[in-house]
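Trainee: Got a structure for you, questions after.
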Amino acid sequence: MLKNWWWKILSFVLLIYTCTYGFLVKIPVLDGRMQQTVRNLFFHVPMWFCMQTLFIVSVIYAIRFLANPKPVYDTYSLEFARTGLVFGILGLITGAIWANYQWGKPWSGDPKQNGAAIALLIYLAYFVLRGSVTDEAKRARLSAVYNIFAFAMLFPTIWILPRLTESLHPGGQGSQGNPGLNPNDTTPEMEGVFLPAIIGWILLGVWIATLRIRLQNYKEKILSRA
C-alpha cells in the first residue's frame with residue numbers, strides 16, 4: 001500500500017509545507033520592488049514547471065500511440081494534456097495577479113504573457129479537434145499528431161520569442177531594469193520553499209492526471225458492459 005502511495009503522501013506533505021512556510025519565510029526588502037508579492041514565487045512559477053512536465057508526459061504517450069496505437073496511450077496522452085492545461089491556466093492567473101501589483105495592471109501585453117496565452121490557446125485547440133472528430137481511431141491519430149505540434153510550439157512561444165524582445169518579465173531583453181525577480185534576490189530560506197514547491201505541485205499534477213485516467217477507464221468498462 002505504502003509502495004503505491006508514498007509519492008502522493010510526499011506531494012501532500014510538500015504542499016502543506018509550501019502553503020504554510022511560504023507565508024512565514026522571511027522575505028528580503030528589495031528597495032520597494034517586490035515586497036511580500038515575491039511569495040507568489042512559490043505558486044506561480046511551479047505551476048509552469050508542472051504544466052510543462054505534464055505536457056512532456058502527454059506528448060510521450062502521443063508518440064507511443066503513433067508507434068503502437070493502443071487506446072490506453074491515447075487516454076494517458078489526453079488526460080495529461082488536460083491536467084497540464086489546467087495548471088497552465090492557473091499559472092496565467094497567478095501571473096496576472098502578480099503583474100497587477102508589480103506592473104500596475106494584470107495584463108500589459110508583455111511578450112511573455114502573450115506567448116503563454118498563445119501556447120495555451122494552441123493546446124485548447126487540441127481539445128476542440130478531439131471534439132470535432134467522431135471516429136475514435138481517426139480522432140486518436142489526429143490528436144496524437146497535433147499534440148506533437150502543440151508541444152513543439154511551447155518552446156518558441158514561451159522560451160524563445162519572448163526573450164528576443166523587450167519585456168517587463170524577468171528573463172527577457174531589457175528586463176534587468178524593470179521590476180522583476182532576479183535570482184540574486186532570493187535567499188537560501190526562499191529556495192528551501194521554492195524547490196519543494198516545484199516537486200509538490202508536479203506530483204499533485206501527476207496525481208490528478210492519474211485519477212482522471214482511472215475515471216476514464218472506469219467509464220469505458222461501464223459502457224462496454226452496457
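Identifiers for the C-alpha cells are assigned positionally: chains receive A, B, ... in sequence, residues are indexed from 1 per chain, and ligands are indexed from 1 in the order shown.
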Any idea what's packed within 12 Å of segment 33-43 of chain A, counting only C-alpha atoms, ignoring anything in its chain fewer than 6 positions away? Could you give it as an mmCIF file with C-alpha atoms, in the first residue's frame?

Mentor:
```
data_model
loop_
_atom_site.group_PDB
_atom_site.id
_atom_site.type_symbol
_atom_site.label_atom_id
_atom_site.label_comp_id
_atom_site.auth_asym_id
_atom_site.auth_seq_id
_atom_site.Cartn_x
_atom_site.Cartn_y
_atom_site.Cartn_z
ATOM 1 C CA LEU A 14 5.341 19.236 0.431
ATOM 2 C CA LEU A 15 2.285 21.320 -0.467
ATOM 3 C CA TYR A 17 4.821 22.833 3.861
ATOM 4 C CA THR A 18 4.740 25.232 0.882
ATOM 5 C CA CYS A 19 1.358 26.734 1.738
ATOM 6 C CA THR A 20 2.392 27.190 5.363
ATOM 7 C CA TYR A 21 6.051 28.170 5.416
ATOM 8 C CA GLY A 22 5.666 30.020 2.120
ATOM 9 C CA PHE A 23 3.738 32.684 4.024
ATOM 10 C CA LEU A 24 6.074 32.626 7.026
ATOM 11 C CA VAL A 25 9.544 32.582 5.469
ATOM 12 C CA LYS A 26 11.437 35.855 5.814
ATOM 13 C CA ILE A 27 11.417 37.917 2.622
ATOM 14 C CA PHE A 49 7.001 23.620 -14.151
ATOM 15 C CA CYS A 50 4.045 21.331 -13.517
ATOM 16 C CA PHE A 87 -2.093 24.152 -14.425
ATOM 17 C CA GLY A 88 -1.139 26.417 -17.319
ATOM 18 C CA LEU A 90 -3.535 28.622 -13.061
ATOM 19 C CA GLY A 91 -0.041 29.826 -13.935
ATOM 20 C CA LEU A 92 -1.514 32.520 -16.160
ATOM 21 C CA ILE A 93 -3.926 33.635 -13.406
ATOM 22 C CA THR A 94 -1.293 33.735 -10.665
ATOM 23 C CA GLY A 95 0.998 35.610 -13.053
ATOM 24 C CA ALA A 96 -1.723 38.178 -13.757
ATOM 25 C CA ILE A 97 -2.258 38.689 -10.030
ATOM 26 C CA TRP A 98 1.469 39.241 -9.543
ATOM 27 C CA ALA A 99 1.642 41.585 -12.541
ATOM 28 C CA ASN A 100 -1.224 43.660 -11.135
ATOM 29 C CA TYR A 101 0.917 44.546 -8.115
ATOM 30 C CA GLN A 102 4.238 44.873 -9.934
ATOM 31 C CA TRP A 103 3.263 46.426 -13.264
ATOM 32 C CA GLY A 177 15.984 47.445 -15.177
ATOM 33 C CA ASN A 178 12.334 46.581 -14.658
ATOM 34 C CA PRO A 179 10.542 45.354 -11.552
ATOM 35 C CA GLY A 180 11.191 41.660 -11.615
ATOM 36 C CA LEU A 181 12.729 38.846 -9.674
ATOM 37 C CA ASN A 182 16.466 38.447 -10.041
ATOM 38 C CA PRO A 183 17.921 35.091 -8.954
ATOM 39 C CA ASP A 185 17.265 38.426 -4.853
ATOM 40 C CA THR A 186 16.336 35.025 -3.465
ATOM 41 C CA THR A 187 17.675 33.740 -0.179
ATOM 42 C CA GLU A 189 15.411 30.199 3.030
ATOM 43 C CA MET A 190 13.284 31.078 -0.014
ATOM 44 C CA GLU A 191 14.966 28.376 -2.088
ATOM 45 C CA GLY A 192 14.148 25.954 0.731
ATOM 46 C CA VAL A 193 10.482 26.597 -0.048
ATOM 47 C CA PHE A 194 10.721 27.055 -3.809
ATOM 48 C CA LEU A 195 12.278 23.680 -4.659
ATOM 49 C CA PRO A 196 9.845 21.626 -2.527
ATOM 50 C CA ALA A 197 7.016 23.663 -4.073
ATOM 51 C CA ILE A 198 8.072 22.627 -7.574
ATOM 52 C CA ILE A 199 8.205 18.950 -6.612
ATOM 53 C CA GLY A 200 4.929 19.127 -4.675
ATOM 54 C CA TRP A 201 2.943 20.819 -7.459
ATOM 55 C CA ILE A 202 4.322 18.442 -10.109
#
```

Trainee: Please return as a PyMOL selection string: the residues of segment 113-175 of chain A that backbone DSSP assigns to helix (DSSP H, G or I).

Mentor: chain A and resi 113-132+136-164+175

Trainee: Go through A:Tyr76, A:Trp207, A:Tyr146, A:Trp107 one by one, measure the shortest atom-to-atom distance of each to Ile122 of chain A using only C-alpha atoms, and give the residue with the smallest value.

Mentor: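 When distances to Ile122 of chain A are compared using only C-alpha atoms, the smallest one comes from A:Tyr146.
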
Trainee: Taking into account only C-alpha atoms, which residue in the set A:Leu204, A:Ala67, A:Met153, A:Ile222 is nearest to Met47 of chain A?

Mentor: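 The answer is A:Leu204, which sits nearest to Met47 of chain A.
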
Trainee: For segment 90-115 of chain A versus segment 159-167 of chain A, which residues have an atom no more than 7 Å away, and what is each residue's nearest atom pair and distance in Å rounded to one decimal, using only C-alpha atoms, chain-then-number order, as JSON lines?

Mentor:
```
{"residue": "A:Asp110", "atom": "CA", "partner": "A:Ser167", "partner_atom": "CA", "distance": 6.0}
{"residue": "A:Pro111", "atom": "CA", "partner": "A:Pro162", "partner_atom": "CA", "distance": 5.0}
{"residue": "A:Lys112", "atom": "CA", "partner": "A:Pro162", "partner_atom": "CA", "distance": 5.2}
{"residue": "A:Gly115", "atom": "CA", "partner": "A:Pro162", "partner_atom": "CA", "distance": 6.8}
```

Trainee: Between A:Leu142, A:Ala125, A:Ile158, A:Leu211, which is the closest to Ile63 of chain A once you count only C-alpha atoms?

Mentor: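 For Ile63 of chain A, the nearest of the candidates is A:Leu142.
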
Trainee: Using only C-alpha atoms for the distances, tell me which of A:Met51, A:Ile16, A:Ala137, A:Ile60 is nearest to Tyr123 of chain A.

Mentor: A:Met51

Trainee: So which one's closest to Gln52 of chain A, A:Val145, A:Ile118, A:Val206, A:Leu223? Using only C-alpha atoms, please.

Mentor: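 Of A:Val145, A:Ile118, A:Val206, A:Leu223, the one nearest Gln52 of chain A is A:Val206, counting only C-alpha atoms.
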
Trainee: So, counting only C-alpha atoms, which residue among A:Gly131, A:Pro156, A:Pro46, A:Pro28 is closest to Leu203 of chain A?

Mentor: A:Pro46

Trainee: Residues at most 10 Å from Arg139 of chain A, counting only C-alpha atoms, excluding those fewer than 5 positions away in the same chain, as a list of chain:residue names?

Mentor: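 Final neighbour list, sorted by chain and number: A:Asp74, A:Leu129, A:Arg130, A:Gly131, A:Ser132, A:Val133, A:Thr134, A:Ala144.
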
Trainee: Take the residues that were just selected and, keeping C-alpha atoms, output them as an mmCIF file, in the first residue's frame.

Mentor:
```
data_model
loop_
_atom_site.group_PDB
_atom_site.id
_atom_site.type_symbol
_atom_site.label_atom_id
_atom_site.label_comp_id
_atom_site.auth_asym_id
_atom_site.auth_seq_id
_atom_site.Cartn_x
_atom_site.Cartn_y
_atom_site.Cartn_z
ATOM 1 C CA ASP A 74 -4.449 7.929 -26.172
ATOM 2 C CA LEU A 129 -10.006 18.949 -32.519
ATOM 3 C CA ARG A 130 -10.871 15.951 -30.383
ATOM 4 C CA GLY A 131 -14.456 17.132 -30.026
ATOM 5 C CA SER A 132 -14.882 17.672 -33.765
ATOM 6 C CA VAL A 133 -13.950 14.132 -34.864
ATOM 7 C CA THR A 134 -16.452 11.362 -34.150
ATOM 8 C CA ALA A 144 -1.523 12.484 -31.341
#
```

Trainee: List the neighbours of Thr75 of chain A out to 10 Å using only C-alpha atoms; skip same-chain residues closer than 4 positions along the sequence, and give me the result as a PDB file with N, CA and C atoms, in the first residue's frame.

Mentor:
```pdb
ATOM      1  N   SER A  58       2.450  13.867 -21.755  1.00  0.00           N
ATOM      2  CA  SER A  58       1.380  13.753 -22.745  1.00  0.00           C
ATOM      3  C   SER A  58       1.929  13.494 -24.139  1.00  0.00           C
ATOM      4  N   TYR A  61       3.302   9.941 -24.620  1.00  0.00           N
ATOM      5  CA  TYR A  61       2.257   8.950 -24.883  1.00  0.00           C
ATOM      6  C   TYR A  61       1.648   9.136 -26.269  1.00  0.00           C
ATOM      7  N   ALA A  62       1.629  10.368 -26.779  1.00  0.00           N
ATOM      8  CA  ALA A  62       1.157  10.597 -28.145  1.00  0.00           C
ATOM      9  C   ALA A  62       2.075   9.898 -29.146  1.00  0.00           C
ATOM     10  N   PHE A  65       1.557   6.237 -28.975  1.00  0.00           N
ATOM     11  CA  PHE A  65       0.332   5.830 -29.664  1.00  0.00           C
ATOM     12  C   PHE A  65       0.561   5.717 -31.161  1.00  0.00           C
ATOM     13  N   LYS A  70      -2.446   1.828 -29.214  1.00  0.00           N
ATOM     14  CA  LYS A  70      -3.270   1.274 -28.150  1.00  0.00           C
ATOM     15  C   LYS A  70      -4.141   2.382 -27.561  1.00  0.00           C
ATOM     16  N   PRO A  71      -5.427   2.140 -27.362  1.00  0.00           N
ATOM     17  CA  PRO A  71      -6.312   3.174 -26.816  1.00  0.00           C
ATOM     18  C   PRO A  71      -5.844   3.725 -25.476  1.00  0.00           C
ATOM     19  N   GLU A  79      -5.402  12.860 -20.900  1.00  0.00           N
ATOM     20  CA  GLU A  79      -5.592  13.317 -19.526  1.00  0.00           C
ATOM     21  C   GLU A  79      -4.392  14.101 -19.002  1.00  0.00           C
ATOM     22  N   PHE A  80      -3.193  13.749 -19.424  1.00  0.00           N
ATOM     23  CA  PHE A  80      -2.031  14.542 -19.016  1.00  0.00           C
ATOM     24  C   PHE A  80      -2.058  15.912 -19.683  1.00  0.00           C
ATOM     25  N   ALA A  81      -2.529  15.973 -20.935  1.00  0.00           N
ATOM     26  CA  ALA A  81      -2.669  17.262 -21.608  1.00  0.00           C
ATOM     27  C   ALA A  81      -3.750  18.104 -20.944  1.00  0.00           C
ATOM     28  N   ALA A 140      -8.027   9.743 -32.384  1.00  0.00           N
ATOM     29  CA  ALA A 140      -6.817   9.465 -31.616  1.00  0.00           C
ATOM     30  C   ALA A 140      -5.562   9.752 -32.429  1.00  0.00           C
ATOM     31  N   ARG A 212      -7.833  11.064 -13.238  1.00  0.00           N
ATOM     32  CA  ARG A 212      -8.645  11.243 -14.446  1.00  0.00           C
ATOM     33  C   ARG A 212      -8.567  10.006 -15.337  1.00  0.00           C
ATOM     34  N   ILE A 213      -7.392   9.412 -15.440  1.00  0.00           N
ATOM     35  CA  ILE A 213      -7.219   8.214 -16.263  1.00  0.00           C
ATOM     36  C   ILE A 213      -8.024   7.055 -15.693  1.00  0.00           C
ATOM     37  N   ARG A 214      -7.972   6.888 -14.383  1.00  0.00           N
ATOM     38  CA  ARG A 214      -8.753   5.827 -13.737  1.00  0.00           C
ATOM     39  C   ARG A 214     -10.249   6.042 -13.966  1.00  0.00           C
ATOM     40  N   GLN A 216     -11.654   7.611 -16.547  1.00  0.00           N
ATOM     41  CA  GLN A 216     -11.956   7.302 -17.941  1.00  0.00           C
ATOM     42  C   GLN A 216     -12.001   5.795 -18.174  1.00  0.00           C
ATOM     43  N   ASN A 217     -11.059   5.063 -17.578  1.00  0.00           N
ATOM     44  CA  ASN A 217     -11.059   3.606 -17.728  1.00  0.00           C
ATOM     45  C   ASN A 217     -12.315   2.996 -17.111  1.00  0.00           C
TER      46      ASN A 217
END
```
